[in-house]
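Chemist: Sending over a structure as structure tokens; questions will come in a sec.
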Amino acid sequence: MTLCKVVGTVVATRKDEKLTGSKLLVVQEIDLDCNPKDRFYIAVDSVGAGTGEVVLIATGSSARYTAVTRDKPVDAAIIAIVDIIEVGGQVKYRKGQSA
Amino acid sequence: MTLCKVVGTVVATRKDEKLTGSKLLVVQEIDLDCNPKDRFYIAVDSVGAGTGEVVLIATGSSARYTAVTRDKPVDAAIIAIVDIIEVGGQVKYRKGQSA
Amino acid sequence: MTLCKVVGTVVATRKDEKLTGSKLLVVQEIDLDCNPKDRFYIAVDSVGAGTGEVVLIATGSSARYTAVTRDKPVDAAIIAIVDIIEVGGQVKYRKGQSA
Amino acid sequence: MTLCKVVGTVVATRKDEKLTGSKLLVVQEIDLDCNPKDRFYIAVDSVGAGTGEVVLIATGSSARYTAVTRDKPVDAAIIAIVDIIEVGGQVKYRKGQSA
Amino acid sequence: MTLCKVVGTVVATRKDEKLTGSKLLVVQEIDLDCNPKDRFYIAVDSVGAGTGEVVLIATGSSARYTAVTRDKPVDAAIIAIVDIIEVGGQVKYRKGQSA
């Protein structure tokens, strides 16, 4: 999975009918210090994520295996909201603290 | 999904028979300020997109899950026409306004 | 799908038995001006493509959805021979004219 | 598969229900001399890997084919703990020796 | 498919049980002049390839469609041993000759 931060939303009225009701979020890839990387994705939210939260996204066919994306034309889904990232014995991110 | 702009079309008479009737569009990846990136795709249109529109494409196996691409040898499909992109509380794109 | 030009062939006697009879072509990715990019693929031909032709390839699982590649260990297939590429109202490529 | 080193962990309370009980590890891609590369993944552990170990990860749909990830929204899984890497007749890595 | 050269082996005692008996080889991507590129893969061998041989690998889900990898958590498999690469009417590689 890829570590991302939710930074925005996309509205699309005209879309594949299976996407009706799906929340489309803009998520930006981040590094292990929570700094933004160049790459971003438009991902379907399956866990109630909000702007500013650090999340995990699953890409490719695995994005279709959440409760809300099965059999939909979706190649990126938010599958978890991250509470803690620990690397090398050091806490790099803790939800609710400045990141 | 990946944010793209429709920039052209491809005509192909000789093709896998399952592609008969599929509209093939040239879509160029864009960044969150709607500036073109280097990467482009030839995608099957499933939503009636036209040149100049900002769209979402699904890639990989998920491109086969639209109403018009099921079981076809297609690895990129336009699944939505974007109306609004909002990032960091700011509207970055609104359909019908200059982009 | 990815725009490529057929530039060569690969011969492989010892291979997975399901590949028997598959024609393996070397295809080089091109940009919208038909200039070669760094990336190339070895793709199974499903449409009778020949050297010098501009083609579309499907990659990943979608490469297994042509008439000749079903259930084969193939991750790139030529699915169409391109006749015309039009970008921004301009014909960038027309088959049979110098490219 | 991709050669990685386990460098950390991720805790996520709110997540797709199918991920309950899955151990999420931070794995960093390494080169054949075991030097870290820029890319990292959050992978589900299927073999009991620990920090500092060199592992193989499977990505994409194949990540769902381990004993613990079937049908889950997971695009990266640790599938093996590496004991020895040999390249060009030379042992590049042996578990338990300084790497 | 991707053109690679077999350069080494990986030994892993602790691994997903479905990998028991699979031979794991280190393969390095090469260009059309057989020069090594930066990228390498750990691939399951399905054709009896040996060190120094030029091979084709299939990646992603297609790697699970060989005789020995079906339903296994494998995202890269050697599917053919290359005898000849011809590009632009010129033989770039012939097995058994210096490469």
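Identifiers in the structure tokens: chain A, B, ... in order shown; residue index from 1 per chain; ligand index from 1 in order shown.
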Give the superposed chain C as a compact mmCIF listing (two decimals) with N, CA and C atoms, in the first residue's frame, the fit being least squares on chain A over all ordered C-alpha pairs.

Modeler:
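Everything below was put into out-v5.txt:
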# COMPACT_ATOMS: atom_id res chain seq x y z
N MET C 1 0.86 -1.18 0.03
CA MET C 1 0.01 0.00 0.02
C MET C 1 0.87 1.26 0.02
N THR C 2 0.27 2.35 -0.32
CA THR C 2 1.00 3.60 -0.47
C THR C 2 0.50 4.59 0.58
N LEU C 3 1.45 5.28 1.18
CA LEU C 3 1.16 6.27 2.21
C LEU C 3 0.81 7.59 1.53
N CYS C 4 -0.36 8.15 1.88
CA CYS C 4 -0.81 9.38 1.24
C CYS C 4 -1.45 10.28 2.29
N LYS C 5 -1.63 11.54 1.90
CA LYS C 5 -2.37 12.49 2.74
C LYS C 5 -3.56 12.98 1.91
N VAL C 6 -4.71 13.08 2.55
CA VAL C 6 -5.89 13.58 1.84
C VAL C 6 -5.77 15.09 1.71
N VAL C 7 -5.82 15.59 0.47
CA VAL C 7 -5.64 17.04 0.26
C VAL C 7 -6.81 17.71 -0.44
N GLY C 8 -7.78 16.94 -0.94
CA GLY C 8 -8.87 17.62 -1.64
C GLY C 8 -9.95 16.65 -2.09
N THR C 9 -10.86 17.18 -2.90
CA THR C 9 -11.97 16.37 -3.40
C THR C 9 -12.19 16.64 -4.89
N VAL C 10 -12.84 15.66 -5.53
CA VAL C 10 -13.21 15.81 -6.93
C VAL C 10 -14.71 15.59 -7.03
N VAL C 11 -15.39 16.46 -7.78
CA VAL C 11 -16.81 16.30 -8.05
C VAL C 11 -16.97 15.93 -9.52
N ALA C 12 -17.75 14.88 -9.78
CA ALA C 12 -17.99 14.45 -11.16
C ALA C 12 -19.42 13.98 -11.29
N THR C 13 -20.22 14.75 -11.99
CA THR C 13 -21.63 14.40 -12.15
C THR C 13 -21.80 13.28 -13.17
N ARG C 14 -21.10 13.41 -14.27
CA ARG C 14 -21.23 12.42 -15.34
C ARG C 14 -20.15 11.37 -15.15
N LYS C 15 -20.54 10.16 -14.85
CA LYS C 15 -19.56 9.12 -14.54
C LYS C 15 -20.18 7.76 -14.75
N ASP C 16 -19.35 6.74 -14.76
CA ASP C 16 -19.85 5.37 -14.84
C ASP C 16 -20.88 5.17 -13.73
N GLU C 17 -22.01 4.55 -14.07
CA GLU C 17 -23.12 4.47 -13.11
C GLU C 17 -22.73 3.77 -11.80
N LYS C 18 -21.76 2.87 -11.87
CA LYS C 18 -21.37 2.16 -10.65
C LYS C 18 -20.63 3.07 -9.66
N LEU C 19 -20.26 4.26 -10.11
CA LEU C 19 -19.56 5.18 -9.21
C LEU C 19 -20.52 6.08 -8.44
N THR C 20 -21.82 5.99 -8.72
CA THR C 20 -22.79 6.82 -8.02
C THR C 20 -22.66 6.61 -6.51
N GLY C 21 -22.52 7.70 -5.79
CA GLY C 21 -22.41 7.60 -4.33
C GLY C 21 -20.99 7.42 -3.82
N SER C 22 -20.04 7.20 -4.71
CA SER C 22 -18.65 7.06 -4.26
C SER C 22 -18.05 8.44 -3.99
N LYS C 23 -17.36 8.58 -2.85
CA LYS C 23 -16.68 9.83 -2.56
C LYS C 23 -15.29 9.78 -3.17
N LEU C 24 -14.97 10.77 -3.99
CA LEU C 24 -13.67 10.82 -4.68
C LEU C 24 -12.76 11.83 -4.00
N LEU C 25 -11.66 11.37 -3.47
CA LEU C 25 -10.75 12.26 -2.76
C LEU C 25 -9.43 12.38 -3.52
N VAL C 26 -8.82 13.57 -3.39
CA VAL C 26 -7.47 13.77 -3.92
C VAL C 26 -6.49 13.41 -2.82
N VAL C 27 -5.63 12.44 -3.08
CA VAL C 27 -4.64 12.05 -2.07
C VAL C 27 -3.25 12.20 -2.66
N GLN C 28 -2.37 12.78 -1.84
CA GLN C 28 -1.00 13.04 -2.30
C GLN C 28 -0.06 12.08 -1.61
N GLU C 29 0.79 11.45 -2.39
CA GLU C 29 1.76 10.51 -1.81
C GLU C 29 2.72 11.28 -0.90
N ILE C 30 3.09 10.66 0.23
CA ILE C 30 4.05 11.29 1.15
C ILE C 30 5.20 10.33 1.42
N ASP C 31 6.31 10.88 1.88
CA ASP C 31 7.42 10.02 2.27
C ASP C 31 7.32 9.69 3.76
N LEU C 32 8.31 9.00 4.29
CA LEU C 32 8.22 8.53 5.67
C LEU C 32 8.34 9.66 6.69
N ASP C 33 8.72 10.85 6.23
CA ASP C 33 8.70 12.03 7.10
C ASP C 33 7.45 12.87 6.86
N CYS C 34 6.48 12.27 6.15
CA CYS C 34 5.22 12.95 5.85
C CYS C 34 5.37 14.15 4.93
N ASN C 35 6.49 14.24 4.24
CA ASN C 35 6.63 15.29 3.23
C ASN C 35 5.98 14.86 1.93
N PRO C 36 5.30 15.80 1.26
CA PRO C 36 4.59 15.44 0.03
C PRO C 36 5.56 15.06 -1.08
N LYS C 37 5.17 14.04 -1.86
CA LYS C 37 5.90 13.68 -3.06
C LYS C 37 5.12 14.21 -4.27
N ASP C 38 5.69 14.05 -5.44
CA ASP C 38 5.08 14.60 -6.64
C ASP C 38 3.77 13.90 -7.03
N ARG C 39 3.65 12.65 -6.70
CA ARG C 39 2.55 11.86 -7.22
C ARG C 39 1.27 12.00 -6.40
N PHE C 40 0.16 12.10 -7.07
CA PHE C 40 -1.13 12.10 -6.38
C PHE C 40 -2.09 11.16 -7.12
N TYR C 41 -3.15 10.80 -6.44
CA TYR C 41 -4.16 9.88 -6.97
C TYR C 41 -5.54 10.45 -6.67
N ILE C 42 -6.52 10.09 -7.47
CA ILE C 42 -7.92 10.31 -7.12
C ILE C 42 -8.42 8.94 -6.65
N ALA C 43 -8.77 8.86 -5.37
CA ALA C 43 -9.10 7.57 -4.76
C ALA C 43 -10.51 7.59 -4.21
N VAL C 44 -11.17 6.41 -4.25
CA VAL C 44 -12.48 6.28 -3.62
C VAL C 44 -12.26 6.02 -2.12
N ASP C 45 -13.01 6.72 -1.31
CA ASP C 45 -12.88 6.58 0.14
C ASP C 45 -13.76 5.43 0.63
N SER C 46 -13.17 4.52 1.37
CA SER C 46 -13.98 3.42 1.93
C SER C 46 -14.00 3.44 3.46
N VAL C 47 -13.39 4.44 4.08
CA VAL C 47 -13.27 4.43 5.54
C VAL C 47 -13.67 5.75 6.21
N GLY C 48 -14.22 6.69 5.44
CA GLY C 48 -14.61 7.95 6.05
C GLY C 48 -13.46 8.88 6.35
N ALA C 49 -12.49 8.93 5.46
CA ALA C 49 -11.32 9.79 5.66
C ALA C 49 -11.65 11.26 5.38
N GLY C 50 -10.91 12.14 6.04
CA GLY C 50 -11.12 13.57 5.85
C GLY C 50 -9.84 14.28 5.47
N THR C 51 -9.99 15.53 5.03
CA THR C 51 -8.83 16.32 4.61
C THR C 51 -7.79 16.41 5.72
N GLY C 52 -6.52 16.24 5.33
CA GLY C 52 -5.42 16.35 6.27
C GLY C 52 -5.02 15.02 6.89
N GLU C 53 -5.88 14.02 6.77
CA GLU C 53 -5.54 12.73 7.38
C GLU C 53 -4.53 11.96 6.52
N VAL C 54 -3.67 11.22 7.23
CA VAL C 54 -2.73 10.33 6.56
C VAL C 54 -3.44 8.98 6.39
N VAL C 55 -3.39 8.46 5.17
CA VAL C 55 -4.15 7.26 4.87
C VAL C 55 -3.29 6.26 4.10
N LEU C 56 -3.80 5.04 4.02
CA LEU C 56 -3.22 4.04 3.13
C LEU C 56 -4.14 3.86 1.94
N ILE C 57 -3.56 3.84 0.75
CA ILE C 57 -4.38 3.50 -0.41
C ILE C 57 -3.90 2.17 -0.99
N ALA C 58 -4.86 1.43 -1.50
CA ALA C 58 -4.55 0.24 -2.29
C ALA C 58 -4.81 0.60 -3.74
N THR C 59 -3.91 0.18 -4.62
CA THR C 59 -4.07 0.51 -6.03
C THR C 59 -4.27 -0.77 -6.85
N GLY C 60 -4.63 -0.58 -8.11
CA GLY C 60 -4.82 -1.71 -9.01
C GLY C 60 -6.06 -2.49 -8.66
N SER C 61 -6.08 -3.77 -8.98
CA SER C 61 -7.27 -4.59 -8.77
C SER C 61 -7.64 -4.66 -7.29
N SER C 62 -6.66 -4.56 -6.41
CA SER C 62 -6.93 -4.64 -4.97
C SER C 62 -7.83 -3.51 -4.49
N ALA C 63 -7.88 -2.41 -5.22
CA ALA C 63 -8.78 -1.31 -4.87
C ALA C 63 -10.25 -1.71 -4.99
N ARG C 64 -10.51 -2.82 -5.67
CA ARG C 64 -11.91 -3.26 -5.84
C ARG C 64 -12.34 -4.23 -4.74
N TYR C 65 -11.51 -4.46 -3.75
CA TYR C 65 -11.82 -5.44 -2.71
C TYR C 65 -12.25 -4.82 -1.39
N THR C 66 -12.62 -3.54 -1.38
CA THR C 66 -13.17 -2.96 -0.16
C THR C 66 -14.68 -3.18 -0.15
N ALA C 67 -15.28 -2.85 0.99
CA ALA C 67 -16.72 -3.01 1.13
C ALA C 67 -17.51 -2.17 0.12
N VAL C 68 -16.95 -1.04 -0.33
CA VAL C 68 -17.73 -0.12 -1.18
C VAL C 68 -17.29 -0.08 -2.65
N THR C 69 -16.25 -0.83 -3.01
CA THR C 69 -15.75 -0.71 -4.38
C THR C 69 -15.85 -1.97 -5.22
N ARG C 70 -16.42 -3.03 -4.69
CA ARG C 70 -16.43 -4.32 -5.40
C ARG C 70 -17.02 -4.18 -6.81
N ASP C 71 -16.27 -4.71 -7.78
CA ASP C 71 -16.69 -4.75 -9.19
C ASP C 71 -16.89 -3.37 -9.81
N LYS C 72 -16.30 -2.36 -9.18
CA LYS C 72 -16.41 -1.01 -9.76
C LYS C 72 -15.13 -0.65 -10.53
N PRO C 73 -15.23 0.25 -11.50
CA PRO C 73 -14.05 0.64 -12.29
C PRO C 73 -13.17 1.62 -11.51
N VAL C 74 -12.57 1.12 -10.46
CA VAL C 74 -11.84 1.93 -9.50
C VAL C 74 -10.44 1.34 -9.34
N ASP C 75 -9.40 2.13 -9.50
CA ASP C 75 -8.04 1.59 -9.37
C ASP C 75 -7.26 2.18 -8.19
N ALA C 76 -7.95 2.91 -7.32
CA ALA C 76 -7.29 3.43 -6.11
C ALA C 76 -8.36 3.63 -5.05
N ALA C 77 -8.15 3.07 -3.86
CA ALA C 77 -9.12 3.20 -2.78
C ALA C 77 -8.39 3.44 -1.46
N ILE C 78 -8.98 4.30 -0.65
CA ILE C 78 -8.45 4.51 0.70
C ILE C 78 -8.95 3.37 1.57
N ILE C 79 -8.03 2.61 2.15
CA ILE C 79 -8.42 1.41 2.90
C ILE C 79 -8.16 1.55 4.40
N ALA C 80 -7.45 2.58 4.83
CA ALA C 80 -7.17 2.74 6.26
C ALA C 80 -6.77 4.17 6.57
N ILE C 81 -7.10 4.62 7.78
CA ILE C 81 -6.62 5.90 8.29
C ILE C 81 -5.47 5.60 9.25
N VAL C 82 -4.33 6.20 9.01
CA VAL C 82 -3.12 5.87 9.77
C VAL C 82 -3.12 6.60 11.12
N ASP C 83 -2.84 5.84 12.20
CA ASP C 83 -2.69 6.44 13.52
C ASP C 83 -1.22 6.71 13.85
N ILE C 84 -0.38 5.72 13.57
CA ILE C 84 1.03 5.83 13.94
C ILE C 84 1.89 5.25 12.83
N ILE C 85 2.98 5.95 12.50
CA ILE C 85 4.03 5.40 11.64
C ILE C 85 5.30 5.37 12.48
N GLU C 86 5.89 4.18 12.58
CA GLU C 86 7.13 4.04 13.33
C GLU C 86 8.20 3.46 12.40
N VAL C 87 9.32 4.14 12.34
CA VAL C 87 10.42 3.70 11.47
C VAL C 87 11.72 3.75 12.26
N GLY C 88 12.44 2.64 12.26
CA GLY C 88 13.74 2.60 12.96
C GLY C 88 13.62 2.92 14.45
N GLY C 89 12.49 2.47 15.05
CA GLY C 89 12.31 2.69 16.48
C GLY C 89 11.86 4.09 16.85
N GLN C 90 11.56 4.90 15.84
CA GLN C 90 11.19 6.29 16.07
C GLN C 90 9.78 6.53 15.52
N VAL C 91 8.96 7.21 16.31
CA VAL C 91 7.62 7.54 15.82
C VAL C 91 7.73 8.72 14.86
N LYS C 92 7.38 8.46 13.61
CA LYS C 92 7.50 9.49 12.57
C LYS C 92 6.22 10.29 12.43
N TYR C 93 5.11 9.69 12.83
CA TYR C 93 3.81 10.34 12.71
C TYR C 93 2.86 9.76 13.74
N ARG C 94 2.14 10.62 14.39
CA ARG C 94 1.09 10.19 15.29
C ARG C 94 -0.12 11.07 15.02
N LYS C 95 -1.25 10.46 14.74
CA LYS C 95 -2.44 11.20 14.38
C LYS C 95 -2.82 12.16 15.49
N GLY C 96 -3.16 13.38 15.14
CA GLY C 96 -3.57 14.35 16.14
C GLY C 96 -2.42 15.25 16.57
N GLN C 97 -1.21 14.85 16.26
CA GLN C 97 -0.07 15.73 16.50
C GLN C 97 0.31 16.38 15.18
N SER C 98 0.99 17.52 15.24
CA SER C 98 1.35 18.22 14.01
C SER C 98 2.21 17.30 13.15
N ALA C 99 1.88 17.28 11.87
CA ALA C 99 2.62 16.42 10.94
C ALA C 99 3.20 17.26 9.83

Chemist: So which residues of chain D fall under helix (DSSP H, G or I) by DSSP, listed as a VMD selection string?

Modeler: chain D and resid 17 to 19 60 to 65
